[in-house]
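K.L.:
My structure is in entry-v5.csv, and what it holds is CSV, C-alpha atoms:
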chain,number,residue,atom,x,y,z
A,6,MET,CA,68.3,-17.8,-290.5
A,7,LEU,CA,69.2,-14.6,-288.6
A,8,SER,CA,66.1,-14.8,-286.4
A,9,GLN,CA,66.8,-18.4,-285.7
A,10,LEU,CA,70.4,-17.7,-284.8
A,11,GLU,CA,69.3,-14.9,-282.5
A,12,ARG,CA,66.8,-17.3,-280.8
A,13,LEU,CA,69.5,-19.9,-280.5
A,14,SER,CA,71.9,-17.4,-278.9
A,15,LEU,CA,69.2,-16.6,-276.3
A,16,ASN,CA,68.2,-20.2,-275.7
A,17,VAL,CA,71.7,-21.7,-275.2
A,18,ASP,CA,72.8,-18.9,-272.8
A,19,GLY,CA,76.0,-20.4,-271.3
A,20,ARG,CA,75.7,-23.9,-272.6
A,21,TYR,CA,76.5,-25.8,-275.8
A,22,ALA,CA,73.6,-26.2,-278.3
A,23,ALA,CA,72.2,-29.7,-278.8
A,24,ASP,CA,72.3,-31.3,-282.2
A,25,ASP,CA,68.6,-30.8,-282.8
A,26,GLU,CA,68.9,-27.1,-281.9
A,27,LEU,CA,71.6,-26.7,-284.7
A,28,GLN,CA,69.6,-28.6,-287.3
A,29,PHE,CA,68.4,-25.4,-289.0
A,30,VAL,CA,72.0,-24.4,-289.7
A,31,SER,CA,72.7,-27.8,-291.4
A,32,ASP,CA,69.4,-27.4,-293.4
A,33,TYR,CA,70.4,-23.9,-294.5
A,34,VAL,CA,73.9,-24.9,-295.6
A,35,GLN,CA,72.4,-27.7,-297.7
A,36,SER,CA,70.0,-25.3,-299.4
A,37,PHE,CA,72.5,-22.4,-299.7
A,38,TYR,CA,73.4,-22.8,-303.4
A,39,LEU,CA,69.8,-23.3,-304.4
A,40,ARG,CA,68.9,-20.2,-302.5
A,41,VAL,CA,71.6,-18.2,-304.3
A,42,GLU,CA,70.5,-19.5,-307.7
A,43,THR,CA,66.9,-18.6,-306.9
A,44,TYR,CA,67.9,-15.2,-305.7
A,45,GLN,CA,69.8,-14.5,-308.9
A,46,LYS,CA,67.0,-15.7,-311.1
A,47,LEU,CA,64.5,-13.5,-309.3
A,48,GLN,CA,66.9,-10.5,-309.5
A,49,ALA,CA,67.3,-11.0,-313.3
A,50,ALA,CA,63.5,-11.6,-313.8
A,51,GLU,CA,62.2,-8.8,-311.5
A,52,ALA,CA,61.1,-6.4,-314.3
A,53,SER,CA,59.4,-9.2,-316.2
A,54,ILE,CA,57.7,-10.6,-313.1
A,55,VAL,CA,56.3,-7.2,-312.1
A,56,GLN,CA,55.2,-6.4,-315.6
A,57,GLN,CA,53.4,-9.7,-315.9
A,58,VAL,CA,51.7,-9.3,-312.6
A,59,GLN,CA,50.6,-5.8,-313.4
A,60,ALA,CA,49.3,-6.9,-316.9
A,61,ARG,CA,47.2,-9.7,-315.4
A,62,MET,CA,45.8,-7.4,-312.7
A,63,ARG,CA,44.8,-4.9,-315.4
A,64,ALA,CA,43.0,-7.7,-317.3
A,65,ILE,CA,41.3,-9.2,-314.2
A,66,ALA,CA,40.5,-6.1,-312.0
A,67,PRO,CA,41.7,-2.8,-313.5
A,68,GLU,CA,39.9,-0.9,-310.8
A,69,LEU,CA,42.5,-2.1,-308.3
A,70,LEU,CA,45.1,0.1,-310.0
A,71,LYS,CA,43.0,3.2,-309.9
A,72,ASN,CA,41.5,5.4,-307.2
A,73,GLY,CA,38.6,7.1,-309.1
A,74,SER,CA,40.3,8.7,-312.1
A,75,GLU,CA,43.8,8.6,-310.4
A,76,ASP,CA,46.1,6.0,-311.9
A,77,LEU,CA,47.9,4.2,-309.0
A,78,SER,CA,50.1,2.0,-311.3
A,79,ALA,CA,53.4,3.8,-310.5
A,80,LYS,CA,52.7,3.6,-306.7
A,81,TRP,CA,51.7,-0.1,-307.0
A,82,LYS,CA,54.8,-0.8,-309.0
A,83,ARG,CA,57.1,0.9,-306.5
A,84,ASP,CA,55.5,-0.9,-303.5
A,85,THR,CA,55.5,-4.2,-305.3
A,86,ILE,CA,59.2,-4.0,-306.2
A,87,ARG,CA,60.1,-3.0,-302.6
A,88,VAL,CA,58.2,-6.0,-301.2
A,89,LEU,CA,59.6,-8.3,-303.9
A,90,ARG,CA,63.2,-7.3,-303.1
A,91,TYR,CA,62.7,-7.7,-299.4
A,92,SER,CA,61.0,-11.1,-300.0
A,93,THR,CA,63.9,-12.3,-302.2
A,94,ILE,CA,66.4,-11.5,-299.5
A,95,ALA,CA,64.2,-13.2,-296.9
A,96,MET,CA,64.2,-16.3,-299.1
A,97,LEU,CA,68.0,-16.1,-299.5
A,98,LEU,CA,68.6,-15.8,-295.7
A,99,ASN,CA,65.7,-18.2,-294.9
A,100,ASP,CA,64.3,-15.5,-292.6
A,101,PRO,CA,60.6,-14.8,-293.2
A,102,ASP,CA,60.3,-13.7,-289.5
A,103,SER,CA,62.5,-10.7,-290.1
A,104,LEU,CA,60.5,-9.8,-293.3
A,105,ARG,CA,57.3,-10.0,-291.3
A,106,ASP,CA,58.6,-8.0,-288.4
A,107,ARG,CA,60.6,-5.4,-290.2
A,108,LEU,CA,58.5,-4.7,-293.3
A,109,LEU,CA,55.1,-6.4,-293.5
A,110,VAL,CA,53.7,-5.3,-290.2
A,111,TRP,CA,54.5,-1.7,-291.1
A,112,MET,CA,53.1,-2.1,-294.7
A,113,GLN,CA,50.0,-3.8,-293.3
A,114,THR,CA,49.1,-0.7,-291.4
A,115,ILE,CA,49.5,1.5,-294.5
A,116,MET,CA,47.6,-0.9,-296.8
A,117,ARG,CA,44.7,-1.1,-294.4
A,118,ALA,CA,44.7,2.7,-294.0
A,119,PHE,CA,44.4,3.1,-297.8
A,120,GLY,CA,42.0,0.1,-298.2
A,121,ALA,CA,44.5,-1.7,-300.5
A,122,GLN,CA,44.1,-5.2,-299.1
A,123,ARG,CA,42.2,-6.5,-302.1
A,124,SER,CA,44.9,-5.2,-304.4
A,125,CYS,CA,47.6,-6.8,-302.3
A,126,ASP,CA,45.7,-10.1,-302.1
A,127,MET,CA,45.5,-10.2,-305.9
A,128,THR,CA,49.1,-9.0,-306.4
A,129,TYR,CA,50.6,-11.8,-304.4
A,130,ARG,CA,48.2,-14.5,-305.6
A,131,ILE,CA,49.1,-13.7,-309.2
A,132,MET,CA,52.8,-13.3,-308.4
A,133,GLN,CA,52.9,-16.8,-307.1
A,134,GLU,CA,51.7,-18.0,-310.4
A,135,VAL,CA,54.0,-15.8,-312.4
A,136,VAL,CA,57.2,-16.7,-310.5
A,137,LYS,CA,56.5,-20.4,-311.2
A,138,GLN,CA,57.1,-19.5,-314.9
A,139,HIS,CA,60.5,-18.1,-314.0
A,140,LEU,CA,61.7,-20.7,-311.5
A,141,THR,CA,62.1,-24.4,-311.3
A,142,PRO,CA,59.6,-26.2,-309.1
A,143,ILE,CA,62.1,-26.6,-306.3
A,144,GLN,CA,63.1,-22.9,-306.5
A,145,ALA,CA,59.4,-21.9,-306.4
A,146,SER,CA,59.0,-24.1,-303.3
A,147,LEU,CA,61.5,-21.9,-301.6
A,148,PHE,CA,60.0,-18.6,-302.7
A,149,CYS,CA,56.2,-19.1,-302.9
A,150,PRO,CA,55.8,-19.5,-299.1
A,151,ILE,CA,57.3,-16.0,-298.7
A,152,LEU,CA,54.8,-14.6,-301.3
A,153,GLU,CA,52.0,-16.4,-299.5
A,154,LEU,CA,53.1,-14.7,-296.2
A,155,ASN,CA,53.0,-11.4,-298.1
A,156,ARG,CA,49.5,-12.1,-299.3
A,157,ARG,CA,48.2,-13.2,-295.9
A,158,SER,CA,49.9,-10.2,-294.2
A,159,LEU,CA,48.9,-7.5,-296.6
A,160,GLY,CA,45.9,-8.9,-298.4
A,161,VAL,CA,42.2,-9.4,-297.5
A,162,THR,CA,41.8,-10.8,-294.1
A,163,ALA,CA,38.9,-13.2,-293.7
Could you spell out this file's structure in structure tokens?
P.N.:
Amino acid sequence: MLSQLERLSLNVDGRYAADDELQFVSDYVQSFYLRVETYQKLQAAEASIVQQVQARMRAIAPELLKNGSEDLSAKWKRDTIRVLRYSTIAMLLNDPDSLRDRLLVWMQTIMRAFGAQRSCDMTYRIMQEVVKQHLTPIQASLFCPILELNRRSLGVTA
């Protein structure tokens, strides 16, 4: 939403916006309460979501939470919570562009430097499944595209 408003501001420069240029505002207003409800559900379920994702990762590929004998679980959890929180606000504001530009591009560099793309890919694949257990289908349809953006940005690139 904020990115779209900024683009609108630049595009209309000295003129009134056309109806089709304002459609995203109407769409946002119509989805506002759903976005707030989804945000609140995700906030309340954060600990459970992260715990479930971590447990499934341990069951499927425990090596992704280790570097040799070093346990990376605490670092994984900290990074996952950070991205989840930023993703939740991106969903609330309908602004995945800001998420990508302000967080994911930076984290992508770090994840690649540490060779953590496979872990990120699995994290956000599993998280999409887990959040569907906590959200209604329509709420998940708002949030899962953000998680897919995270997976594509931070995960394994083909």
K.L.:
Within 12 Å of region 31-54 of chain A, which residues of region 108-135 of chain A come that close, and what is the closest atom pair and distance in Å for each? Count all atoms listed in the file and give it as CSV.
P.N.:
residue,atom,partner,partner_atom,distance
A:Thr128,CA,A:Ile54,CA,11.0
A:Tyr129,CA,A:Ile54,CA,11.3
A:Ile131,CA,A:Ile54,CA,9.9
A:Met132,CA,A:Ile54,CA,7.3
A:Gln133,CA,A:Ile54,CA,9.9
A:Glu134,CA,A:Ile54,CA,9.9
A:Val135,CA,A:Ile54,CA,6.4
K.L.:
Please determine an axis-aligned box that encloses all atoms of region 54-60 of chain A listed in the file, with 4 Å added on each side, and express its centre and edge lengths in Å to one decimal as JSON.
P.N.:
{"center_x": 53.5, "center_y": -8.2, "center_z": -314.5, "size_x": 16.4, "size_y": 12.8, "size_z": 12.8}
K.L.:
Restricting the calculation to only C-alpha atoms, which member of A:Leu13, A:Ile94, A:Val88, A:Leu147 is positioned closest to Leu109 (chain A)?
P.N.:
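The shortest atom-to-atom distance to Leu109 (chain A) comes from A:Val88.
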K.L.:
Quick one: distance from CA of Leu97 (chain A) to CA of Arg83 (chain A) in Å, one decimal?
P.N.:
21.4 Å
K.L.:
Have a look at CA of Gln138 (chain A) and CA of Leu77 (chain A) and let me know their distance in Å, one decimal.
P.N.:
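For CA of Gln138 (chain A) relative to CA of Leu77 (chain A), the distance reads 26.1 Å.
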K.L.:
From the list A:Met127, A:Val58, A:Met112, A:Ile65, which residue is nearest Glu153 (chain A) when using all atoms listed in the file?
P.N.:
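Among A:Met127, A:Val58, A:Met112, A:Ile65, it is A:Met127 that comes nearest to Glu153 (chain A).
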K.L.:
Any idea what the distance is between CA of Leu89 (chain A) and CA of Asn155 (chain A)?
P.N.:
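Separation of CA of Leu89 (chain A) and CA of Asn155 (chain A): 9.3 Å.
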K.L.:
Given the choices A:Ala145, A:Ala95, A:Val30, A:Leu159, which gets closest to Gln9 (chain A) if the distance is worked out from only C-alpha atoms?
P.N.:
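Under the stated criterion, the closest residue is A:Val30.
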K.L.:
For His139 (chain A), which residue out of A:Ile115, A:Leu108, A:Val161, A:Val55 is the nearest one, using all atoms listed in the file?
P.N.:
A:Val55
K.L.:
Using only C-alpha atoms, can you tell me which of A:Gly73, A:Gly19, A:Pro67, A:Pro101 comes closest to Ile151 (chain A)?
P.N.:
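When distances to Ile151 (chain A) are compared using only C-alpha atoms, the smallest one comes from A:Pro101.
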K.L.:
Restricting the calculation to only C-alpha atoms: of A:Arg157, A:Arg20, A:Glu68, A:Gln57, which residue gets closest to Val136 (chain A)?
P.N.:
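Between A:Arg157, A:Arg20, A:Glu68, A:Gln57, the residue approaching Val136 (chain A) most closely is A:Gln57.
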